[in-house]
Amino acid sequence: MVDLIPSSDTVMQILKRTGAFREGHFVYPNGKHSPHYFQMPLAFRYYDTARVLAVALSRKFRVDRDISSQLPKVSIISPSSGGIPVAFGVRDALSAEQIYWAEQEGGKRMFRQYINKGEVNPCILVDDIIRSGHAIEETAALVKELGANVIGCGAIVRFTSAPDKLGDFPIRSLVEFDAHMYDGGDSCVDCRNNAPIEHVRF
Ligand SMILES: [Zn+2]
């Protein structure tokens with residue numbers, strides 16, 4: 001029997017092995033420096049890995065009786081394209097009825113699907129990684145505008161600097177990561193040590 005909720009260390013090993021988590025000296029497009037870099041789609045390019053991660057996250061929802069009692073009339077919602085494979089994996093594991101995902105369009109987050117009020121089942125919001133929490137908060141607001149209830153939310157990784165709750169609900173995650181971000185080179189430890197820089201796109 002496979003361990004369905006792997007430990008945080010095991011998940012980090014998976015992310016390292018697939019290149020989804022790297023350590024080094026990274027500069028982001030917004031100019032921030034960091035000693036670590038997450039690129040979660042690299043973990044989701046392997047079907048088996050994607051499945052292990054999504055099933056593990058789904059177990060965190062399954063144990064919640066408020067959620068499990070509403071299945072399968074539940075909608076799994078991703079705030080962005082990065083969360084789509086997570087949403088499909090979680091949907092599969094929970095046999096939930098619907099999937100939706102949002103995208104940024106002209107600076108505004110909106111659902112890719114045309115949705116009418118009242119069409120969306122009670123929602124679980126899932127993402128690959130929660131860095132600031134803004135994407136998931138914006139998506140929760142969209143869902144409410146459509147007359148649907150949020151009944152849970154989670155991600156594979158949550159930065160501890162992001163909120164750990166969405167309204168009344170805990171944000172469930174497989175890894176709680178204490179991220180280090182420096183506003184620029186002046187405050188960056190790796191810059192002080194002259195470590196070679198790698199510029200990243202996302
Ligand atoms: Zn630096």
# chains A, B, ... in the order shown; residues from 1 in each chain; ligands from 1
call {"tool": "closest_atom_pairs", "arguments": {"of": "chain A", "to": "ligand 1", "cutoff": "7 Å", "atoms": "only C-alpha atoms and all ligand atoms", "output": "CSV"}}
result
residue,atom,partner,partner_atom_place_in_ligand_line,distance
A:His25,CA,ligand 1,1 (Zn),6.1
A:Phe26,CA,ligand 1,1 (Zn),6.9
A:Val27,CA,ligand 1,1 (Zn),6.8
A:His33,CA,ligand 1,1 (Zn),4.8
A:Ser34,CA,ligand 1,1 (Zn),6.7
A:Gly184,CA,ligand 1,1 (Zn),6.8
A:Gly185,CA,ligand 1,1 (Zn),4.6
A:Cys188,CA,ligand 1,1 (Zn),4.5
A:Val189,CA,ligand 1,1 (Zn),6.4
A:Asp190,CA,ligand 1,1 (Zn),4.9
A:Cys191,CA,ligand 1,1 (Zn),4.0
A:Ile197,CA,ligand 1,1 (Zn),6.9
call {"tool": "residues_around", "arguments": {"residues": "A:Ala179", "least_positions_apart": "6", "cutoff": "8 Å", "atoms": "only C-alpha atoms", "output": "list in words"}}
result
His36, Phe159, Thr160 and Ser161 of chain A
call {"tool": "closest_atom_pairs", "arguments": {"of": "stretch 110-188 of chain A", "to": "stretch 61-67 of chain A", "cutoff": "10 Å", "atoms": "only C-alpha atoms", "output": "tab-separated table"}}
result
residue	atom	partner	partner_atom	distance
A:Pro122	CA	A:Ile67	CA	9.0
A:Cys123	CA	A:Ile67	CA	9.3
A:Ile124	CA	A:Phe61	CA	8.6
A:Ile151	CA	A:Ile67	CA	6.5
A:Gly152	CA	A:Phe61	CA	7.3
A:Cys153	CA	A:Phe61	CA	8.3
A:Gly154	CA	A:Phe61	CA	8.6
A:Arg172	CA	A:Phe61	CA	8.1
call {"tool": "residues_around", "arguments": {"residues": "A:Tyr100", "least_positions_apart": "6", "cutoff": "7 Å", "atoms": "only C-alpha atoms", "output": "MDAnalysis selection string"}}
result
chainID A and resid 76:78 113
call {"tool": "closest_residue", "arguments": {"among": "A:Ala135, A:Ile130, A:Leu15, A:Ala96", "to": "A:Ser173", "atoms": "only C-alpha atoms"}}
result
A:Ile130
call {"tool": "atom_distance", "arguments": {"atom1": "atom CA of A:Gly118", "atom2": "atom CA of A:Arg59"}}
result
27.4 Å
call {"tool": "select_by_dssp", "arguments": {"residues": "stretch 31-193 of chain A", "states": "alpha helix (DSSP H)", "output": "PyMOL selection string"}}
result
chain A and resi 41-44+47-62+65-68+84-94+134-145+189-192
call {"tool": "atom_distance", "arguments": {"atom1": "atom CA of A:Glu137", "atom2": "atom CA of A:Gly83"}}
result
14.3 Å
call {"tool": "select_by_dssp", "arguments": {"residues": "stretch 59-131 of chain A", "states": "strand (DSSP E)", "output": "PyMOL selection string"}}
result
chain A and resi 75-78+98-105+108-111+123-130
call {"tool": "write_last_selection", "arguments": {"atoms": "C-alpha atoms", "output": "PDB file, in the first residue's frame"}}
result
ATOM      1  CA  SER A  75     -16.178  21.709  -7.958  1.00  0.00           C
ATOM      2  CA  ILE A  76     -12.373  21.739  -7.995  1.00  0.00           C
ATOM      3  CA  ILE A  77     -11.086  25.159  -9.001  1.00  0.00           C
ATOM      4  CA  SER A  78      -7.630  26.365  -9.951  1.00  0.00           C
ATOM      5  CA  GLN A  98     -16.706  19.775 -11.905  1.00  0.00           C
ATOM      6  CA  ILE A  99     -13.419  21.483 -12.729  1.00  0.00           C
ATOM      7  CA  TYR A 100     -12.895  25.171 -13.442  1.00  0.00           C
ATOM      8  CA  TRP A 101      -9.813  27.282 -13.826  1.00  0.00           C
ATOM      9  CA  ALA A 102      -9.100  30.985 -13.933  1.00  0.00           C
ATOM     10  CA  GLU A 103      -6.530  32.971 -15.891  1.00  0.00           C
ATOM     11  CA  GLN A 104      -5.168  36.488 -15.762  1.00  0.00           C
ATOM     12  CA  GLU A 105      -6.568  38.477 -18.657  1.00  0.00           C
ATOM     13  CA  LYS A 108      -7.888  40.754 -14.182  1.00  0.00           C
ATOM     14  CA  ARG A 109      -8.468  37.187 -13.043  1.00  0.00           C
ATOM     15  CA  MET A 110     -11.404  35.487 -14.718  1.00  0.00           C
ATOM     16  CA  PHE A 111     -12.665  32.000 -15.389  1.00  0.00           C
ATOM     17  CA  CYS A 123     -15.791  24.638  -4.366  1.00  0.00           C
ATOM     18  CA  ILE A 124     -12.407  23.416  -3.327  1.00  0.00           C
ATOM     19  CA  LEU A 125      -9.706  25.813  -4.527  1.00  0.00           C
ATOM     20  CA  VAL A 126      -6.366  24.158  -5.327  1.00  0.00           C
ATOM     21  CA  ASP A 127      -3.071  25.464  -6.621  1.00  0.00           C
ATOM     22  CA  ASP A 128       0.425  24.089  -7.111  1.00  0.00           C
ATOM     23  CA  ILE A 129       2.034  26.709  -4.867  1.00  0.00           C
ATOM     24  CA  ILE A 130       0.736  29.550  -2.693  1.00  0.00           C
TER      25      ILE A 130
END
call {"tool": "closest_residue", "arguments": {"among": "A:Pro79, A:Gly147, A:Pro163, A:Pro196", "to": "A:Ile115", "atoms": "only C-alpha atoms"}}
result
A:Gly147
call {"tool": "closest_residue", "arguments": {"among": "A:Ser187, A:Thr10, A:Asn30, A:Thr18", "to": "A:Ala43", "atoms": "only C-alpha atoms"}}
result
A:Thr18
call {"tool": "residues_around", "arguments": {"residues": "A:Leu71", "least_positions_apart": "5", "cutoff": "9 Å", "atoms": "only C-alpha atoms", "output": "JSON list (two decimals) with N, CA and C atoms, in the first residue's frame"}}
result
[["chain", "number", "residue", "atom", "x", "y", "z"],
["A", 94, "LEU", "N", -10.99, 12.44, -5.78],
["A", 94, "LEU", "CA", -12.21, 12.65, -4.99],
["A", 94, "LEU", "C", -13.49, 12.32, -5.77],
["A", 95, "SER", "N", -13.34, 12.03, -7.07],
["A", 95, "SER", "CA", -14.50, 11.85, -7.96],
["A", 95, "SER", "C", -15.45, 13.05, -7.89],
["A", 96, "ALA", "N", -14.88, 14.24, -7.84],
["A", 96, "ALA", "CA", -15.70, 15.45, -7.83],
["A", 96, "ALA", "C", -16.25, 15.69, -9.23],
["A", 97, "GLU", "N", -17.38, 16.41, -9.29],
["A", 97, "GLU", "CA", -18.12, 16.51, -10.54],
["A", 97, "GLU", "C", -17.56, 17.53, -11.53]]
call {"tool": "atom_distance", "arguments": {"atom1": "atom CA of A:Phe88", "atom2": "atom CA of A:Phe177"}}
result
23.8 Å
